[in-house]
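J.: Okay, handing you the structure first.
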Amino acid sequence: MSVFLLTIHNLSKFSPKAGMQGKLFSPKRVSELLERTDVTEFYIAPNGKSIDFFACTLTPEKTAEEFLKIYSEISSIAYSELEAESEHRNETEAISYFLKKMIGLQESEIAVKDLQEFRENYAYAREQKWVGPQLNKLYQRGVWLAEKVRIDLNLNKNAVTRESVFLDLAKKIFGDLKKHTALVVSNNADCEKYIRKLKERGVGEIHFLSSLKAAKGISARYSAQKIEQDGLLDSLSKADILLVFDTPLNGFFHETGLWDVLQKRRNAPLLWLELLESGEHKKSAIDFSKFHNVYNYSREDLESIVLENLKEHKKIKGVVDSLIAQEVESFYEWVHSKEQYRFGDIIGKSEPMQKIMEMVARIAQTDISILIDGESGTGKELIAKSIHQHSLRVQESFIVVNCGAIPETLLESELFGHVKGAFTGAAQNKKGLFEAANKGTIFLDEIGEMSLAMQVKLLRFLQEGEVKPVGSNETLDLDVRVITATNRNLGEMVEEDSFRRDLFYRLNVIQITIPPLRSRQDDILPLVEFFQKKYSDLNHKTVHGLDEKAKELMMKYSWPGNIRELENAVERAIALTPGTVIGPEDLPPSLTNLQPINSFPGQALNMTLKDLEKHHIAALLTEHDWNYDLVTKILGIGRTTLWRKMKEYEIAN
Amino acid sequence: MIRKWLVSALLVHTTYLALFTYRTGHLPVGDTFQVLTTSAWFFALVYLVLEISLKERTMGVFFLPVVIPLQAISTFFIDTEKPLAPILTELTFEVHVAMMISAYAAFIISFIASVMYLLLAREMQRKKLGIFFERLPSLDFFDRLSNQAVNIGLPLVSLGIVLGGIMGANVWEGQWAFDPKLFAVFISWAIYVVHLVTRKVMGWQGRQAAIISVVGFNWLLFSFIIVSTFFSKVHNFQ
C-alpha cells in the first residue's frame, strides 16, 4: 500500500471561464479516472485556485504519473501543460500534508473555514464511495488531532495575522461589538478581510467608503453601508472603530474637519487603524496624547505584534509537527498490522460504525455529555472506554457503574459515598464512585433504571459539579466526565414521566446510537476475525479461520444478542473445533437450526413489508405443497385474501 | 483551591464577628479595630460575590492585597478593655457605619476596576501587548464595573454622611464642622460627585473616569487611616 498526493495549481489556466473549474473534475470524469488507474481509495479537494488529489494505491512508482496521463486524455488537456502545474508528494509527505490540511495548519493560523471545507469534501467522497478504510483511518485520526490542537494546545490563542490582531484589539476595548460602529475608508481590496472579521464578530454597523470596483460586492456580502465622501463626517462621529487604508490622513484632516469631529468625540474609546503603505505613515503623525481613549495602530504596529505572537506560535507548531509525525508513523504501523477496521478498541467496517468512530474522535477531548444507546451487547461500554482513552483524562480513572445491577437503596451511597453513621451499618466513611473517578470519567450504564430521586441528584452533579455523600452536610466539588448509556428509549420514558426531562436533555447533548449487528453485516467478518484471533491465542489453539459455509451462516444469522453473542459463538467454536478451520458443525445450534423466516434475516432488513409478505406466502405455499386450506389457517387469513395476494404478488404454482 | 481558602477565611471571620455581636449586643463597628476588621470582612465578601457572579478571577490579585493589610492594621488597634461611648451603641450610629463601609466597598471595586482599566489601556496604547492583554477582560467591562460601583457607592456615602451629620449635630453641638476627618470625608464625597457629573454631563469615560476613581480612592484611604488616626479630634471616641 502506498499513498500519494497530487496538487494541480492554476486551474484557471485550463478553464478560463470563472466558476467553471468545478467542471474539470465532474463526478463522471473522476469515476473514469478511478476505473482506469489502480487507485484503491481516493479523496479530492478543490480549494479555490488549485485542487488536491489524495490517493491510496498498490503501485506507488508509476501511479501519480499514470494518473496525470489518463486525466490528460479524459480532459483533453495537454499532458505537458498539466505536468508543469502539478506538484507531487509521496508517502509521509503526502500524509502529513493531508493531516495538516485537516487541522487547517496550511495557513499561518488555523482556518476554521478550511476545516469545514475539508469535511464537506470528505463527506462527498464518502458518499461517492471513493474512500475506504485507509482514508477513513487517516480522517478519524485527523479529526482527533484537530480537536487536540484546538483544545489542548490552543494554537489559535495568539493572533498571527494582521486582521486577527486587529479584531483582538477591538474585542479588548469594546468587549461586545454589537453596539459599535466601524468606519472603513479604503481603496485597497485588502480591507475585505478586516470587514469579514468584524462581521463574524457581530459588529453593529459597518460604514464603507471606497471607490473600488468591488466595493458594491463587499458591501452586499457583509451588509456594510456604503457611504460617499459627503457622508464621511457623519459616519466619523458615530464610529468607534476606524480603519483607514490608503488615504494619508494629514491632508484629509483639514479638508474634512476630521480634527473637529475627533475633538468632539474624544472621550469615547476609538480604535483607529491606519494601514497605509509604510512610507505614507510618517506624514500623518498626529499627537495622540491629546486623546485619552484613542488607540492608534499602524500597519507596522500590527506587524510587530504578529511577529511577537509568531514566536509563541512556532513553539506550539513544533509540537503539532511532532504530533503529526507520530500520527504518520502509527498510520503505517496500522496499515501493516492489518487491524484495518479499528479505532482504539472499536471494530467496524460498516458506514455507521465508521461514523461513530469519527464522532468519538471528534468529541473525546471535550467534556460534553454523551448518551450512548443501543441494544444489549452492542458494545456501549467499549465506546465509552474508547472516548475516555482518547480524551485528555486518559491518565485518570475510568469507572463503570451498571445502574441496573445495584439495588436502588444502595446506588446513592455507591455513587456519592456516605459518612459514618449515615445509616445502620455505615460504620465508616466511604468514598463514592464519583469521588474515585475525580478528574477522570464515569460511565453510567443502564441509566434508564435509575430512580427518579437519584436522577435529581445526578442532575445536580451535572449542573453544579458537586456531590453530597449520604448523611453528610458538605458537598464535594468534583470534576468528572459523565458518559451514560441505555438500551431503553429514554425519549419515551420522558413522555411517560419515568425519566426526568431536564436530566434527559442534559445527558443527551450528543447521542451515539450503535446499530444492532444485524443491520451492519459488513462488521460481522472483521469482528469474527478479531475474536477468532483473541480466543485462539487465549486457548493456545491454532485456528486459521472459518470455512465458507460457516461464514455464510454467520452472515445470515440475525444476532439478537449482538456482538456479545457473536463473541461467545466464536469462543465456543474455537473450543470445540478439532481442526484448524471452523466449520458449520462448530457453531452454536441457534445458527444452524434456522427457521425459514430466519433464513433471510439479512435481506429481511432491506425488504419492504410487501416483499416480506410475498416471500412468506410463497415459502409457506411451497413448504405445504400448495395446500391452500392449511396455508390460510397458518396465515390467519381468508381464502379470497390469499387469492388476491397471490395474484397481486404474482405467485403461481 | 484558592477560592476554598478565601471561603474558609471568610467563614472563620464571619463566625468571629457573629460571636462578637452576640456577646456585646452591638455590631462590631464601635472602635477603629472593629471598623477595620468588619470592613476587611465585608470587602472580602463583596469580592467573593463578584468573583462568582462575574466569573472573573483576575481582580483578586488587586482586591485581596487591599483586604489583607486592612485586617493586619486592624490588629494594632485591638483594645478590649476600653468602654464604648454611649452614642456608639445607638442604632442610627450602626446604620451610619454600615452605610459607610458598604460605600467604601463599592469604591474599592471601582478603584480596582479602574486600575486594571489603566493598566490594560496603557499596554494597548504602548502597543506592547503582554500579560494584561492576554489575561484581562475588555476595557468596556472594567469601565462599566467601575461606573456601576460608583453609582451604588455615592448614594450610600451621601446617606451615611447625612446620618452622621444628624448625630453629630446632637453630640458635638456645632463645632464639628471643622474636624479634619469630616472635612476629608467630605472631599472624597466631592471627588466621586465629580466622577458622576463629568460622566453624565461631559461624557467622560474610559481613562479620565478611571483616573478620577483612582484619585478618589487614594484620598479615601488617606482619610480613612491617616487622618482619622492622627488628626481627627471629635470623630474619635476615646
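Please note that chains go A, B, ... in the order of the C-alpha cells, that every chain numbers its residues from 1, and that ligands are numbered from 1 in the order shown.
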With only C-alpha atoms as the counted atoms, please give the residues lying no more than 6 Å from Ser188 in chain B, apart from itself and same-chain residues fewer than 2 positions off, as a count of residues only.

T.: 6

J.: Using only C-alpha atoms, select each residue of chain B with any atom at most 8 Å away from an atom of chain A, and give the selection as an MDAnalysis selection string.

T.: chainID B and resid 124:125 127:129 133 137:141 203:208

J.: Please provide the set of residues having any atom within 8 Å of Met167 in chain B, restricted to only C-alpha atoms, with same-chain residues fewer than 3 positions apart removed, written as JSON, numbers by chain.

T.: {"B": [92, 93, 163, 164, 170, 171]}

J.: With C-alpha atoms kept, could you save the residues just selected as a JSON list (two decimals), in the first residue's frame?

T.:
[["chain", "number", "residue", "atom", "x", "y", "z"],
["B", 92, "THR", "CA", -28.51, 55.24, 63.98],
["B", 93, "PHE", "CA", -24.80, 55.04, 64.52],
["B", 163, "LEU", "CA", -26.91, 60.35, 59.13],
["B", 164, "GLY", "CA", -23.54, 61.19, 60.65],
["B", 170, "ASN", "CA", -26.77, 66.24, 68.58],
["B", 171, "VAL", "CA", -23.45, 65.24, 70.10]]

J.: Which residues are close to Phe20 in chain B, i.e. within 12 Å by only C-alpha atoms, leaving aside same-chain residues fewer than 3 positions away? Reply as an MDAnalysis selection string.

T.: chainID B and resid 13:17 23:30 34 37:38 80

J.: Which residues in range 32-107 of chain A does DSSP call helix (DSSP H, G or I)? List them as a PyMOL selection string.

T.: chain A and resi 32-36+60-75+79-85+91-103

J.: So that I can check the surroundings of range 106-110 of chain B, please list as an MDAnalysis selection string every protein, DNA and RNA residue that reaches within 8 Å of it, counting only C-alpha atoms and ignoring chain neighbours fewer than 4 positions away.

T.: chainID B and resid 63 102 114 145:150 152:153 213 217
